[in-house]
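J.: Encoded as structure tokens, here's the structure I'll be asking about.
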Amino acid sequence: MLNFRTLLSCLLVLSVFVSGFPVHSQSPEGVESTQTQAAVDAEIDAAANANQLMWLGGTFAGTALVGCLFCGLPAIIAASIYEPAPPAHRLMGKSPEYVMAYQTAYKDAIKSHQTRNATLGCLGGSVVAGIVWGIYYSGQE
């Protein structure tokens, strides 16, 4: 016959199996906050790592020297396609959810910075080229 302790032990073991074992994972709210933090960190790093001199200055100089707005378009296209790798040291020891969110946000942010800088360089170079051509042609008359 079952005594009280045996019955209590069986009920306790059964309750563990029915309720499931505790899982050490983040709740959906925790995952969401992790992804938000990763996106914020990625945006900050992308702003710091974007090579403004290359995309803005290079496109500006190329467009101004050639004197044509369309010469800057390949740079804008390249800026919108090129994806530099995120800094690996920022991802060490992070959860898989953080790494995935960080990489996605970093690539989007860096491409946005590059494209904006290349576009500004192209437009600025075109304005300078237009002014130079205007001065040149006004002296010809």
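Going by the structure tokens order, chains are called A, B, ..., each with residues numbered from 1, while ligands are numbered from 1 in the order shown.
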What's the 12 Å shell around Gly130 (chain A), counting only C-alpha atoms, without same-chain residues fewer than 3 positions away, as a VMD selection string?
T.: chain A and resid 63 to 69 123 to 127 133 to 138
J.: State, in Å with one decimal place, the distance from CA of Ser80 (chain A) to CA of Pro96 (chain A).
T.: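 One can read the CA of Ser80 (chain A) to CA of Pro96 (chain A) distance as 26.5 Å.
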